[in-house]
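Visitor: Before I ask anything, let me first share the structure, which is written out below as C-alpha coordinates.
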Amino acid sequence: MVKIIYAQTVLTDEDLKRLKKKTGTDSTKEALATAVQHYLECDSTEVGELWQRRLEHLVEKKR
(Lines give C-alpha, C1' and ligand atoms only; values in the text may rest on other atoms or scores of the structure.)
Protein backbone atom coordinates (compact mmCIF):
# COMPACT_ATOMS: atom_id res chain seq x y z
CA MET A 1 0.00 0.00 0.00
CA VAL A 2 1.28 3.45 -0.94
CA LYS A 3 1.14 6.15 1.70
CA ILE A 4 0.25 9.54 0.24
CA ILE A 5 1.04 12.80 1.99
CA TYR A 6 0.44 16.44 1.15
CA ALA A 7 3.44 18.77 1.11
CA GLN A 8 3.80 22.52 0.73
CA THR A 9 6.59 24.81 -0.40
CA VAL A 10 7.21 28.47 -1.07
CA LEU A 11 7.91 29.61 -4.64
CA THR A 12 8.09 32.97 -6.28
CA ASP A 13 5.31 33.71 -8.74
CA GLU A 14 7.92 33.98 -11.50
CA ASP A 15 9.37 30.54 -10.69
CA LEU A 16 5.92 28.95 -10.67
CA LYS A 17 5.10 30.49 -14.05
CA ARG A 18 8.40 29.23 -15.47
CA LEU A 19 7.77 25.76 -14.05
CA LYS A 20 4.30 25.61 -15.56
CA LYS A 21 5.67 26.71 -18.93
CA LYS A 22 8.53 24.21 -18.79
CA THR A 23 6.22 21.32 -17.85
CA GLY A 24 3.58 22.36 -20.39
CA THR A 25 0.70 22.68 -17.93
CA ASP A 26 -1.45 25.41 -16.43
CA SER A 27 -1.95 23.43 -13.24
CA THR A 28 0.29 24.13 -10.24
CA LYS A 29 -0.35 20.62 -8.94
CA GLU A 30 0.66 18.96 -12.22
CA ALA A 31 3.71 21.19 -12.67
CA LEU A 32 4.99 20.39 -9.18
CA ALA A 33 4.29 16.67 -9.55
CA THR A 34 6.13 16.59 -12.87
CA ALA A 35 9.09 18.49 -11.43
CA VAL A 36 9.35 16.23 -8.38
CA GLN A 37 9.14 13.08 -10.52
CA HIS A 38 11.86 14.39 -12.82
CA TYR A 39 14.05 15.34 -9.86
CA LEU A 40 13.75 11.87 -8.35
CA GLU A 41 14.59 10.14 -11.63
CA CYS A 42 17.32 12.45 -12.97
CA ASP A 43 20.94 11.65 -12.09
CA SER A 44 22.11 15.23 -12.63
CA THR A 45 20.07 16.56 -9.67
CA GLU A 46 22.43 15.22 -7.00
CA VAL A 47 23.39 18.59 -5.57
CA GLY A 48 24.42 18.79 -1.93
CA GLU A 49 23.96 22.53 -1.61
CA LEU A 50 20.84 22.99 -3.71
CA TRP A 51 19.07 25.40 -1.33
CA GLN A 52 22.21 27.50 -0.83
CA ARG A 53 22.66 27.87 -4.59
CA ARG A 54 18.96 28.70 -5.02
CA LEU A 55 19.10 31.46 -2.39
CA GLU A 56 22.26 32.91 -3.92
CA HIS A 57 20.56 32.94 -7.32
CA LEU A 58 17.52 34.79 -5.92
CA VAL A 59 19.74 37.37 -4.21
CA GLU A 60 21.69 37.98 -7.42
CA LYS A 61 18.46 38.49 -9.38
CA LYS A 62 17.37 41.21 -6.93
CA ARG A 63 20.56 43.26 -7.49
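Residue names in the C-alpha coordinates use chain letters A, B, ... in the order shown, residue numbers from 1 in each chain, and ligand numbers from 1 in the order shown.
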Which of chain A counts as helix (DSSP H, G or I) under DSSP, as a VMD selection string please?
Guide: chain A and resid 13 to 23 28 to 41 43 to 45 50 to 62
Visitor: Per residue of region 23-44 of chain A within 12 Å of region 6-13 of chain A, which atom pair is closest and at what distance in Å (one decimal), using only C-alpha atoms, listed by chain and increasing number, as a Markdown table?
Guide:
```
| residue | atom | partner | partner_atom | distance |
| --- | --- | --- | --- | --- |
| A:Thr28 | CA | A:Asp13 | CA | 10.9 |
| A:Lys29 | CA | A:Gln8 | CA | 10.7 |
| A:Leu32 | CA | A:Thr9 | CA | 10.0 |
| A:Ala33 | CA | A:Ala7 | CA | 10.9 |
| A:Val36 | CA | A:Ala7 | CA | 11.5 |
```
Visitor: Which one of A:Arg54, A:Lys17, A:Lys22, A:Lys3 sits closest to His38 (chain A) if you count only C-alpha atoms?
Guide: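 Closest to His38 (chain A), using only C-alpha atoms: A:Lys22.
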Visitor: CA of Ile5 (chain A) and CA of Leu50 (chain A) are how many Å apart?
Guide: 23.0 Å
Visitor: Go through A:Asp15, A:Ala31, A:Lys21, A:Tyr39 and flag the residue nearest His57 (chain A), using only C-alpha atoms for the distances.
Guide: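 Between A:Asp15, A:Ala31, A:Lys21, A:Tyr39, the residue approaching His57 (chain A) most closely is A:Asp15.
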Visitor: What is the CA of Thr25 (chain A)-CA of Cys42 (chain A) distance in Å, reported with one decimal?
Guide: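 Computing the Euclidean distance for CA of Thr25 (chain A) and CA of Cys42 (chain A) yields 20.1 Å.
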Visitor: How many Å separate CA of Leu19 (chain A) from CA of Ala35 (chain A)?
Guide: 7.8 Å
